[in-house]
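Containing compact mmCIF, N, CA, C and O atoms: structure.txt.
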```txt
# COMPACT_ATOMS: atom_id res chain seq x y z
N MET M 255 2.80 53.70 -93.48
CA MET M 255 2.27 52.55 -92.75
C MET M 255 1.31 53.05 -91.69
O MET M 255 1.61 53.94 -90.93
N GLN M 256 0.14 52.42 -91.67
CA GLN M 256 -0.89 52.83 -90.73
C GLN M 256 -0.82 51.96 -89.49
O GLN M 256 -0.66 50.75 -89.59
N SER M 257 -0.92 52.58 -88.32
CA SER M 257 -0.91 51.78 -87.09
C SER M 257 -2.34 51.41 -86.74
O SER M 257 -3.25 52.21 -86.86
N SER M 258 -2.52 50.16 -86.33
CA SER M 258 -3.86 49.72 -85.96
C SER M 258 -4.10 50.04 -84.49
O SER M 258 -3.19 49.97 -83.67
N PRO M 259 -5.35 50.41 -84.16
CA PRO M 259 -5.64 50.70 -82.75
C PRO M 259 -5.53 49.43 -81.90
O PRO M 259 -5.68 48.32 -82.41
N VAL M 260 -5.27 49.62 -80.62
CA VAL M 260 -5.13 48.48 -79.72
C VAL M 260 -6.47 47.78 -79.54
O VAL M 260 -6.56 46.56 -79.55
N LEU M 261 -7.55 48.54 -79.41
CA LEU M 261 -8.89 47.98 -79.25
C LEU M 261 -9.72 48.29 -80.47
O LEU M 261 -9.58 49.36 -81.08
N PRO M 262 -10.63 47.42 -80.85
CA PRO M 262 -11.55 47.74 -81.94
C PRO M 262 -12.40 48.95 -81.55
O PRO M 262 -12.64 49.21 -80.38
N THR M 263 -12.88 49.68 -82.54
CA THR M 263 -13.65 50.89 -82.26
C THR M 263 -14.92 50.60 -81.48
O THR M 263 -15.34 51.41 -80.65
N THR M 264 -15.51 49.45 -81.67
CA THR M 264 -16.72 49.12 -80.90
C THR M 264 -16.41 49.00 -79.42
O THR M 264 -17.21 49.41 -78.58
N TRP M 265 -15.24 48.47 -79.09
CA TRP M 265 -14.85 48.37 -77.69
C TRP M 265 -14.63 49.75 -77.09
O TRP M 265 -14.98 50.02 -75.95
N VAL M 266 -14.03 50.64 -77.86
CA VAL M 266 -13.80 51.99 -77.39
C VAL M 266 -15.13 52.66 -77.10
O VAL M 266 -15.29 53.35 -76.08
N ASP M 267 -16.13 52.43 -77.97
CA ASP M 267 -17.46 53.00 -77.74
C ASP M 267 -18.08 52.44 -76.46
O ASP M 267 -18.64 53.18 -75.65
N VAL M 268 -17.98 51.13 -76.28
CA VAL M 268 -18.56 50.49 -75.09
C VAL M 268 -17.88 51.00 -73.82
O VAL M 268 -18.54 51.35 -72.84
N LEU M 269 -16.57 51.08 -73.85
CA LEU M 269 -15.85 51.56 -72.67
C LEU M 269 -16.19 53.02 -72.38
O LEU M 269 -16.29 53.42 -71.22
N GLY M 270 -16.38 53.82 -73.43
CA GLY M 270 -16.78 55.21 -73.24
C GLY M 270 -18.14 55.33 -72.59
O GLY M 270 -18.35 56.16 -71.69
N LYS M 271 -19.08 54.46 -73.00
CA LYS M 271 -20.41 54.46 -72.38
C LYS M 271 -20.34 54.04 -70.92
O LYS M 271 -21.02 54.60 -70.06
N MET M 272 -19.49 53.07 -70.64
CA MET M 272 -19.34 52.62 -69.24
C MET M 272 -18.75 53.73 -68.39
O MET M 272 -19.19 53.97 -67.27
N GLU M 273 -17.76 54.43 -68.93
CA GLU M 273 -17.14 55.51 -68.20
C GLU M 273 -18.14 56.63 -67.93
O GLU M 273 -18.20 57.19 -66.83
N SER M 274 -18.99 56.92 -68.91
CA SER M 274 -20.01 57.96 -68.73
C SER M 274 -21.00 57.55 -67.64
O SER M 274 -21.41 58.38 -66.82
N ALA M 275 -21.39 56.28 -67.63
CA ALA M 275 -22.33 55.82 -66.61
C ALA M 275 -21.72 55.91 -65.22
O ALA M 275 -22.37 56.33 -64.25
N VAL M 276 -20.45 55.53 -65.10
CA VAL M 276 -19.77 55.60 -63.80
C VAL M 276 -19.68 57.06 -63.35
O VAL M 276 -19.96 57.39 -62.18
N GLU M 277 -19.31 57.95 -64.25
CA GLU M 277 -19.22 59.38 -63.90
C GLU M 277 -20.57 59.95 -63.50
O GLU M 277 -20.65 60.83 -62.65
N HIS M 278 -21.64 59.45 -64.11
CA HIS M 278 -22.98 59.93 -63.78
C HIS M 278 -23.42 59.47 -62.38
O HIS M 278 -23.96 60.24 -61.60
N TRP M 279 -23.17 58.18 -62.06
CA TRP M 279 -23.69 57.61 -60.81
C TRP M 279 -22.75 57.73 -59.63
O TRP M 279 -23.17 57.65 -58.49
N LEU M 280 -21.48 57.92 -59.86
CA LEU M 280 -20.51 57.96 -58.76
C LEU M 280 -20.81 59.05 -57.73
O LEU M 280 -20.78 58.77 -56.53
N PRO M 281 -21.14 60.28 -58.14
CA PRO M 281 -21.47 61.28 -57.11
C PRO M 281 -22.67 60.88 -56.25
O PRO M 281 -22.68 61.09 -55.04
N ALA M 282 -23.67 60.29 -56.86
CA ALA M 282 -24.86 59.87 -56.10
C ALA M 282 -24.50 58.77 -55.11
O ALA M 282 -25.01 58.74 -53.98
N ILE M 283 -23.63 57.88 -55.51
CA ILE M 283 -23.22 56.79 -54.61
C ILE M 283 -22.42 57.35 -53.44
O ILE M 283 -22.59 56.92 -52.30
N ARG M 284 -21.56 58.30 -53.70
CA ARG M 284 -20.74 58.88 -52.63
C ARG M 284 -21.59 59.66 -51.64
O ARG M 284 -21.25 59.74 -50.47
N GLU M 285 -22.70 60.26 -52.10
CA GLU M 285 -23.56 61.05 -51.22
C GLU M 285 -24.47 60.17 -50.36
O GLU M 285 -25.01 60.62 -49.37
N THR M 286 -24.65 58.92 -50.72
CA THR M 286 -25.54 58.03 -49.98
C THR M 286 -24.90 57.66 -48.65
O THR M 286 -23.76 57.20 -48.60
N SER M 287 -25.64 57.86 -47.58
CA SER M 287 -25.13 57.51 -46.26
C SER M 287 -25.45 56.05 -45.96
O SER M 287 -26.41 55.51 -46.49
N PRO M 288 -24.68 55.41 -45.11
CA PRO M 288 -24.96 54.01 -44.76
C PRO M 288 -26.35 53.83 -44.15
O PRO M 288 -26.96 52.79 -44.32
N GLU M 289 -26.86 54.84 -43.47
CA GLU M 289 -28.18 54.71 -42.85
C GLU M 289 -29.29 54.63 -43.89
O GLU M 289 -30.33 54.03 -43.67
N SER M 290 -29.08 55.26 -45.04
CA SER M 290 -30.14 55.27 -46.05
C SER M 290 -30.08 54.05 -46.97
O SER M 290 -30.98 53.84 -47.76
N CYS M 291 -29.04 53.27 -46.88
CA CYS M 291 -28.91 52.09 -47.72
C CYS M 291 -29.67 50.92 -47.08
O CYS M 291 -29.34 50.49 -45.98
N PRO M 292 -30.70 50.39 -47.76
CA PRO M 292 -31.51 49.34 -47.15
C PRO M 292 -30.75 48.04 -46.90
O PRO M 292 -31.09 47.27 -46.02
N LEU M 293 -29.70 47.77 -47.65
CA LEU M 293 -28.96 46.52 -47.48
C LEU M 293 -28.06 46.53 -46.26
O LEU M 293 -27.69 45.49 -45.75
N SER M 294 -27.69 47.74 -45.78
CA SER M 294 -26.78 47.78 -44.65
C SER M 294 -27.51 47.77 -43.31
O SER M 294 -26.89 47.67 -42.27
N SER M 295 -28.83 47.92 -43.32
CA SER M 295 -29.56 47.95 -42.05
C SER M 295 -29.94 46.53 -41.64
O SER M 295 -30.28 45.70 -42.48
N PRO M 296 -29.89 46.23 -40.36
CA PRO M 296 -30.23 44.89 -39.90
C PRO M 296 -31.74 44.66 -40.04
O PRO M 296 -32.52 45.61 -40.10
N PRO M 297 -32.18 43.43 -40.08
CA PRO M 297 -33.62 43.15 -40.17
C PRO M 297 -34.34 43.69 -38.94
O PRO M 297 -33.77 43.75 -37.85
N THR M 298 -35.59 44.07 -39.12
CA THR M 298 -36.35 44.65 -38.02
C THR M 298 -36.66 43.61 -36.94
O THR M 298 -36.79 43.95 -35.78
N ARG M 299 -36.77 42.35 -37.31
CA ARG M 299 -36.99 41.29 -36.31
C ARG M 299 -36.10 40.11 -36.67
O ARG M 299 -35.75 39.93 -37.82
N PRO M 300 -35.71 39.33 -35.69
CA PRO M 300 -34.82 38.21 -35.99
C PRO M 300 -35.51 37.18 -36.88
O PRO M 300 -36.72 37.01 -36.84
N LEU M 301 -34.72 36.50 -37.67
CA LEU M 301 -35.26 35.46 -38.54
C LEU M 301 -35.63 34.25 -37.69
O LEU M 301 -34.93 33.89 -36.74
N PRO M 302 -36.75 33.58 -38.02
CA PRO M 302 -37.15 32.41 -37.24
C PRO M 302 -36.20 31.24 -37.48
O PRO M 302 -35.67 31.08 -38.56
N MET M 303 -35.98 30.47 -36.45
CA MET M 303 -35.15 29.27 -36.56
C MET M 303 -35.95 28.18 -37.26
O MET M 303 -37.14 28.03 -37.03
N PRO M 304 -35.31 27.41 -38.11
CA PRO M 304 -36.03 26.32 -38.76
C PRO M 304 -36.37 25.23 -37.76
O PRO M 304 -35.68 25.05 -36.75
N ASN M 305 -37.43 24.48 -38.04
CA ASN M 305 -37.85 23.38 -37.18
C ASN M 305 -36.98 22.17 -37.48
O ASN M 305 -37.05 21.59 -38.55
N LEU M 306 -36.14 21.79 -36.53
CA LEU M 306 -35.21 20.67 -36.72
C LEU M 306 -35.60 19.45 -35.90
O LEU M 306 -34.78 18.54 -35.71
N ASN M 307 -36.83 19.41 -35.40
CA ASN M 307 -37.24 18.31 -34.53
C ASN M 307 -37.13 16.95 -35.21
O ASN M 307 -36.72 15.98 -34.59
N GLY M 308 -37.48 16.86 -36.47
CA GLY M 308 -37.45 15.57 -37.16
C GLY M 308 -36.08 15.18 -37.67
O GLY M 308 -35.89 14.05 -38.12
N LEU M 309 -35.12 16.09 -37.59
CA LEU M 309 -33.80 15.80 -38.13
C LEU M 309 -33.09 14.69 -37.37
O LEU M 309 -32.50 13.80 -37.97
N ASP M 310 -33.16 14.70 -36.04
CA ASP M 310 -32.51 13.64 -35.26
C ASP M 310 -33.12 12.28 -35.55
O ASP M 310 -32.41 11.29 -35.70
N ALA M 311 -34.45 12.23 -35.63
CA ALA M 311 -35.12 10.96 -35.91
C ALA M 311 -34.76 10.46 -37.30
O ALA M 311 -34.51 9.26 -37.49
N ALA M 312 -34.70 11.37 -38.26
CA ALA M 312 -34.34 10.97 -39.62
C ALA M 312 -32.91 10.46 -39.68
O ALA M 312 -32.61 9.48 -40.37
N THR M 313 -32.04 11.10 -38.93
CA THR M 313 -30.64 10.66 -38.90
C THR M 313 -30.53 9.27 -38.28
O THR M 313 -29.83 8.40 -38.81
N ARG M 314 -31.22 9.07 -37.18
CA ARG M 314 -31.18 7.74 -36.53
C ARG M 314 -31.77 6.67 -37.43
O ARG M 314 -31.26 5.56 -37.51
N SER M 315 -32.86 6.99 -38.15
CA SER M 315 -33.48 5.97 -39.00
C SER M 315 -32.62 5.66 -40.22
O SER M 315 -32.75 4.60 -40.80
N ALA M 316 -31.75 6.58 -40.60
CA ALA M 316 -30.87 6.33 -41.74
C ALA M 316 -29.60 5.59 -41.34
O ALA M 316 -28.95 4.99 -42.18
N GLU M 317 -29.24 5.61 -40.06
CA GLU M 317 -28.00 4.98 -39.62
C GLU M 317 -28.03 3.46 -39.78
O GLU M 317 -27.04 2.86 -40.18
N GLU M 318 -29.15 2.83 -39.47
CA GLU M 318 -29.22 1.36 -39.56
C GLU M 318 -29.07 0.87 -41.00
O GLU M 318 -28.22 0.00 -41.26
N PRO M 319 -29.85 1.41 -41.97
CA PRO M 319 -29.63 0.95 -43.35
C PRO M 319 -28.23 1.29 -43.86
O PRO M 319 -27.65 0.52 -44.63
N ALA M 320 -27.68 2.40 -43.41
CA ALA M 320 -26.34 2.76 -43.85
C ALA M 320 -25.31 1.77 -43.32
O ALA M 320 -24.39 1.37 -44.03
N SER M 321 -25.46 1.34 -42.07
CA SER M 321 -24.51 0.37 -41.52
C SER M 321 -24.68 -1.00 -42.19
O SER M 321 -23.71 -1.72 -42.39
N GLU M 322 -25.93 -1.35 -42.55
CA GLU M 322 -26.15 -2.60 -43.28
C GLU M 322 -25.50 -2.53 -44.67
O GLU M 322 -24.85 -3.49 -45.10
N ALA M 323 -25.66 -1.40 -45.34
CA ALA M 323 -25.04 -1.23 -46.66
C ALA M 323 -23.52 -1.26 -46.53
O ALA M 323 -22.84 -1.84 -47.39
N ASP M 324 -23.00 -0.67 -45.48
CA ASP M 324 -21.56 -0.68 -45.27
C ASP M 324 -21.05 -2.11 -45.10
O ASP M 324 -20.00 -2.47 -45.64
N ALA M 325 -21.79 -2.92 -44.35
CA ALA M 325 -21.39 -4.32 -44.15
C ALA M 325 -21.41 -5.08 -45.48
O ALA M 325 -20.49 -5.87 -45.76
N VAL M 326 -22.43 -4.86 -46.29
CA VAL M 326 -22.52 -5.54 -47.59
C VAL M 326 -21.37 -5.10 -48.49
O VAL M 326 -20.73 -5.93 -49.16
N LEU M 327 -21.08 -3.81 -48.50
CA LEU M 327 -19.98 -3.31 -49.32
C LEU M 327 -18.63 -3.85 -48.84
O LEU M 327 -17.76 -4.18 -49.65
N GLN M 328 -18.44 -3.96 -47.53
CA GLN M 328 -17.19 -4.49 -47.01
C GLN M 328 -17.03 -5.96 -47.39
O GLN M 328 -15.94 -6.39 -47.78
N LYS M 329 -18.11 -6.73 -47.32
CA LYS M 329 -18.07 -8.14 -47.73
C LYS M 329 -17.73 -8.26 -49.21
O LYS M 329 -16.90 -9.08 -49.60
N ALA M 330 -18.34 -7.38 -50.04
CA ALA M 330 -18.05 -7.40 -51.47
C ALA M 330 -16.59 -7.04 -51.73
O ALA M 330 -15.93 -7.64 -52.58
N ALA M 331 -16.06 -6.07 -51.01
CA ALA M 331 -14.66 -5.68 -51.16
C ALA M 331 -13.74 -6.82 -50.76
O ALA M 331 -12.74 -7.09 -51.45
N ASP M 332 -14.07 -7.50 -49.67
CA ASP M 332 -13.26 -8.64 -49.24
C ASP M 332 -13.30 -9.76 -50.27
O ASP M 332 -12.26 -10.36 -50.59
N ASP M 333 -14.49 -10.05 -50.80
CA ASP M 333 -14.62 -11.08 -51.83
C ASP M 333 -13.82 -10.71 -53.08
O ASP M 333 -13.17 -11.56 -53.69
N LEU M 334 -13.85 -9.45 -53.47
CA LEU M 334 -13.11 -9.00 -54.64
C LEU M 334 -11.61 -9.13 -54.42
O LEU M 334 -10.88 -9.58 -55.32
N GLU M 335 -11.13 -8.78 -53.24
CA GLU M 335 -9.71 -8.95 -52.93
C GLU M 335 -9.31 -10.42 -53.01
O GLU M 335 -8.24 -10.75 -53.54
N GLN M 336 -10.16 -11.30 -52.51
CA GLN M 336 -9.88 -12.74 -52.57
C GLN M 336 -9.82 -13.21 -54.03
O GLN M 336 -8.92 -13.95 -54.42
N TRP M 337 -10.78 -12.75 -54.84
CA TRP M 337 -10.83 -13.12 -56.25
C TRP M 337 -9.58 -12.63 -56.98
O TRP M 337 -9.00 -13.35 -57.77
N LEU M 338 -9.16 -11.40 -56.68
CA LEU M 338 -7.96 -10.85 -57.32
C LEU M 338 -6.72 -11.65 -56.92
O LEU M 338 -5.84 -11.92 -57.75
N ALA M 339 -6.65 -12.06 -55.66
CA ALA M 339 -5.51 -12.87 -55.21
C ALA M 339 -5.51 -14.21 -55.95
O ALA M 339 -4.43 -14.69 -56.37
N GLU M 340 -6.67 -14.81 -56.12
CA GLU M 340 -6.76 -16.07 -56.85
C GLU M 340 -6.37 -15.88 -58.32
O GLU M 340 -5.70 -16.74 -58.91
N CYS M 341 -6.77 -14.74 -58.91
CA CYS M 341 -6.40 -14.46 -60.30
C CYS M 341 -4.88 -14.32 -60.44
O CYS M 341 -4.29 -14.82 -61.40
N ARG M 342 -4.25 -13.66 -59.48
CA ARG M 342 -2.79 -13.51 -59.51
C ARG M 342 -2.12 -14.89 -59.40
O ARG M 342 -1.14 -15.18 -60.10
N ALA M 343 -2.65 -15.74 -58.53
CA ALA M 343 -2.08 -17.07 -58.36
C ALA M 343 -2.23 -17.89 -59.65
O ALA M 343 -1.28 -18.57 -60.08
N VAL M 344 -3.39 -17.80 -60.30
CA VAL M 344 -3.59 -18.53 -61.56
C VAL M 344 -2.66 -17.97 -62.63
O VAL M 344 -2.08 -18.74 -63.41
N GLY M 345 -2.49 -16.65 -62.66
CA GLY M 345 -1.59 -16.04 -63.63
C GLY M 345 -0.16 -16.52 -63.45
O GLY M 345 0.55 -16.78 -64.43
N GLN M 346 0.27 -16.66 -62.19
CA GLN M 346 1.63 -17.15 -61.93
C GLN M 346 1.77 -18.60 -62.37
O GLN M 346 2.78 -18.99 -62.94
N LYS M 347 0.73 -19.42 -62.11
CA LYS M 347 0.78 -20.82 -62.53
C LYS M 347 0.85 -20.92 -64.05
O LYS M 347 1.60 -21.73 -64.59
N LEU M 348 0.07 -20.06 -64.74
CA LEU M 348 0.10 -20.08 -66.21
C LEU M 348 1.47 -19.65 -66.73
O LEU M 348 1.97 -20.20 -67.71
N ALA M 349 2.06 -18.66 -66.06
CA ALA M 349 3.40 -18.21 -66.49
C ALA M 349 4.41 -19.34 -66.34
O ALA M 349 5.28 -19.54 -67.21
N VAL M 350 4.34 -20.10 -65.25
CA VAL M 350 5.24 -21.23 -65.02
C VAL M 350 5.02 -22.30 -66.08
O VAL M 350 5.98 -22.82 -66.67
N CYS M 351 3.75 -22.60 -66.37
CA CYS M 351 3.45 -23.61 -67.39
C CYS M 351 3.95 -23.18 -68.77
O CYS M 351 4.50 -23.97 -69.53
N LEU M 352 3.76 -21.90 -69.08
CA LEU M 352 4.21 -21.37 -70.38
C LEU M 352 5.73 -21.42 -70.48
O LEU M 352 6.28 -21.79 -71.51
N ASP M 353 6.39 -21.11 -69.36
CA ASP M 353 7.85 -21.14 -69.35
C ASP M 353 8.36 -22.55 -69.58
O ASP M 353 9.32 -22.76 -70.31
N ARG M 354 7.69 -23.51 -68.98
CA ARG M 354 8.10 -24.91 -69.16
C ARG M 354 7.84 -25.36 -70.59
O ARG M 354 8.66 -26.10 -71.18
N ALA M 355 6.70 -24.93 -71.16
CA ALA M 355 6.35 -25.37 -72.52
C ALA M 355 7.28 -24.74 -73.54
O ALA M 355 7.65 -25.40 -74.52
N VAL M 356 7.67 -23.52 -73.35
CA VAL M 356 8.55 -22.84 -74.31
C VAL M 356 10.00 -23.21 -74.07
O VAL M 356 10.77 -23.37 -75.00
N GLY M 357 10.36 -23.33 -72.83
CA GLY M 357 11.77 -23.54 -72.46
C GLY M 357 12.25 -24.91 -72.66
O GLY M 357 13.00 -25.39 -73.38
```

As structure tokens, what does this structure read like?
Amino acid sequence: MQSSPVLPTTWVDVLGKMESAVEHWLPAIRETSPESCPLSSPPTRPLPMPNLNGLDAATRSAEEPASEADAVLQKAADDLEQWLAECRAVGQKLAVCLDRAVG
């Protein structure tokens, strides 16, 4: 009886190539000092702050339509609740009528 390998041979080849690459580059990575790594050094000058002058005005101009939309949505929600209550009442009346007709 032949035992099958745990990984297909193509995977073994790929993992071997990865291991070779790591062994090749690992010494170079260990020799690199933090000072020579460009990603670890801070920027030479501070980043400019974005211009936020129009943000307050835009926020204020959006508040009024948003509050109007909120009022419309609240009215619609109230109307829907009223409609649902009326539907429940009609359903109860129909149930009573059906009970009388069958009973």

Checklist entry - Could you state the separation of atom C of Asp310 of chain M and atom N of Glu322 of chain M in Å, given to one decimal place? => result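 Going from atom C of Asp310 of chain M over to atom N of Glu322 of chain M, I get 16.9 Å.
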
Box time for segment 345-349 of chain M: axis-aligned, enclosing all its listed atoms, 5 Å extra on each side; report centre and edge lengths in Å to one decimal, as AutoDock Vina command-line options.
```
--center_x 1.4 --center_y -18.9 --center_z -64.8 --size_x 17.8 --size_y 15.7 --size_z 15.8
```

Checklist entry - So how far away is atom CA of Ala323 of chain M from atom CA of Ala311 of chain M, in Å? => result 19.1 Å

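From atom O of Glu335 of chain M back to atom N of Asp353 of chain M, the distance works out to 23.9 Å.
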
Item to check | segment 290-349 of chain M: residues DSSP assigns to helix (DSSP H, G or I), reported as JSON, numbers by chain | outcome: {"M": [290, 307, 308, 309, 310, 311, 312, 313, 314, 315, 316, 317, 318, 319, 320, 321, 322, 323, 324, 325, 326, 327, 328, 329, 330, 331, 332, 333, 334, 335, 336, 337, 338, 339, 340, 341, 342, 343, 344, 345, 346, 347, 348, 349]}
